[in-house]
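Chemist: Below is a structure I'd like to ask you about.
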2 protein chains.
Amino acid sequence: MHAFDVLGDPVRRRVLELLVAGEQSSGEITAVIREEFGISQPGVSQHLRVLREAGFVTVRVDGPRRQYSLLTEPLQEVDAWLAQFRSFWGQRLDALGTELARGKRERRRREEAARKAGRAEDDDDNDVSGAAAG
Amino acid sequence: MHAFDVLGDPVRRRVLELLVAGEQSSGEITAVIREEFGISQPGVSQHLRVLREAGFVTVRVDGPRRQYSLLTEPLQEVDAWLAQFRSFWGQRLDALGTELARGKRERRRREEAARKAGRAEDDDDNDVSGAAAG
DNA sequence: TGCTCATATAAGTGAGCGTTGATACAAAGG
DNA sequence: CCTTTGTATCAACGCTCACTTATATGAGCA
């Protein structure tokens with residue numbers, strides 16, 4: 001199954017979003033998905049299987065539980081495909097995407113003054129959900 | 001139809017790639033797609049319809065021809081969704097991503113050409129797939 | 001050994017998507 | 001007018017995919 005087919009399903013996209021916050025057990029994921037989409041436990045398990053087989057997630061056996069976490073390679077592949085279109089909405093955007101990475105915090109201090117002057121658009125607050133991870 | 005569902009089809013992805021080079025008539029697009037995927041003219045036209053209705057392309061009437069060109073909003077939407085995962089694969093990724101896109105694009109053409117030529121079995125070049133524990 | 005929790009797999013079913021052949025619509029030319 | 005060229009739409013069919021219920025597997029515990 002192609003990466004884009006995997007991402008075609010809203011349940012699977014949501015699972016990936018959940019895993020941004022860090023490792024989650026099958027049960028935790030299932031609880032949220034059941035709540036939000038109203039599908040059964042085997043339904044969620046099947047989606048997890050698709051994500052596993054497509055390399056979007058990896059699983060760690062933890063006693064009776066399966067702990068899922070995110071892998072980035074397929075997402076990078078999607079991102080790479082998308083890259084060829086970025087020039088259409090401005091060459092500046094991929095640089096912005098780079099800025100969004102958390103590594104910017106270091107330079108932030110140094111550029112604090114320059115930032116006020118040079119700030120053109122957008123905000124850097126892209127916090128997704130989990131703040132207490134790690 | 002969600003943007004990711006639209007991108008789930010390889011024919012539609014290829015059409016978008018073709019339009020990166022600029023405006024193309026339905027006939028030009030159809031010629032390439034027929035060549036590469038071996039589907040009929042109505043088949044291509046249906047894909048163009050999906051792309052139109054999802055806002056990925058716009059059409060300009062030019063005598064008897066329809067000139068298609070790229071719109072970026074849905075692609076930006078996809079890009080925005082993807083943004084929340086970028087922090088996972090590091091800061092310098094945009095340059096690498098461009099490289100990946102170029103290589104993949106050529107590779108993909110061969111794969112899909114092979115597919116149209118007659119696929120005996122499923123391609124398994126995906127080395128990331130995890131063997132389920134058990 | 002048997003019971004329970006946590007999760008995966010199997011089998012069956014219904015819906016949606018992609019494909020095709022036939023056809024319709026529009027523009028240009030004789 | 002009729003024909004040709006370019007493109008879209010229609011109806012029908014097959015296949016894949018997502019969902020469900022039922023069941024299997026495996027770990028922990030008494």
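As shown in the structure tokens, the chain order sets the letters A, B, ...; within each chain, residues go from 1, and ligands are also counted from 1 in the order they appear.
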Sorted by chain and rising residue number, which residues of chain C lie within 7 Å of chain B, and what are their closest atom pairs and distances in Å to one decimal, counting only C-alpha atoms (C1' of nucleotides), as a Markdown table?
Modeler:
| residue | atom | partner | partner_atom | distance |
| --- | --- | --- | --- | --- |
| C:DT19 | C1' | B:Gly43 | CA | 6.6 |
| C:DA26 | C1' | B:Pro64 | CA | 6.8 |
| C:DA27 | C1' | B:Pro64 | CA | 5.1 |
Chemist: Using only C-alpha atoms, determine which residues of chain A fall within 6 Å of chain B; present them as a ChimeraX atom specification.
Modeler: /A:4-5,8,53-55,80-81,83,98,101
Chemist: Please produce an output containing C-alpha atoms for each residue in the selection, written as a short mmCIF file (atom, residue, chain, number, x, y, z; two decimals), in the first residue's frame.
Modeler:
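The resulting file, again_12.cif, is shown below:
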data_model
loop_
_atom_site.label_atom_id
_atom_site.label_comp_id
_atom_site.auth_asym_id
_atom_site.auth_seq_id
_atom_site.Cartn_x
_atom_site.Cartn_y
_atom_site.Cartn_z
CA PHE A 4 -0.63 8.23 0.21
CA ASP A 5 -3.19 5.44 0.38
CA GLY A 8 -6.08 8.55 2.80
CA GLU A 53 3.13 -2.81 7.36
CA ALA A 54 3.59 0.50 5.63
CA GLY A 55 6.37 1.42 8.05
CA ALA A 80 9.72 14.68 -0.54
CA TRP A 81 7.04 14.20 -3.15
CA ALA A 83 8.64 19.24 -2.23
CA THR A 98 12.78 24.28 8.61
CA ALA A 101 11.75 22.53 13.70
#
Chemist: Report as CSV the residues of chain D within 8 Å of chain B, each with its shortest atom pair and distance in Å (one decimal), using only C-alpha atoms (C1' of nucleotides), ordered by chain and increasing residue number.
Modeler:
residue,atom,partner,partner_atom,distance
D:DG6,C1',B:Pro64,CA,5.7
D:DT7,C1',B:Arg65,CA,7.3
D:DA8,C1',B:Ser45,CA,7.0
Chemist: Export, as a compact mmCIF listing (two decimals), in the first residue's frame, the selected residues with C-alpha atoms (C1' of nucleotides).
Modeler:
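Contents of selection_24.txt, as written:
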# COMPACT_ATOMS: atom_id res chain seq x y z
C1' DG D 6 -11.14 17.51 -28.64
C1' DT D 7 -13.08 16.47 -24.40
C1' DA D 8 -16.63 15.36 -20.98
Chemist: If we count only C-alpha atoms (C1' of nucleotides), what is near DG14 (chain D) at a cut-off of 12 Å, once residues fewer than 6 positions away on the same chain are taken out, given as a PDB file with C-alpha atoms (C1' of nucleotides), in the first residue's frame?
Modeler:
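Produced file out-v8.pdb, reproduced below:
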ATOM      1  C1'  DC C  17     -13.601   3.894  -6.483  1.00  0.00           C
ATOM      2  C1'  DG C  18     -11.406   3.156 -10.975  1.00  0.00           C
ATOM      3  C1'  DT C  19     -12.068   1.309 -15.310  1.00  0.00           C
ATOM      4  C1'  DT C  20     -14.309   0.692 -19.834  1.00  0.00           C
TER       5       DT C  20
END
Chemist: Just asking: which residues within region 42-96 of chain B are strand (DSSP E) according to DSSP, as a PyMOL selection string?
Modeler: chain B and resi 57-62+65-70
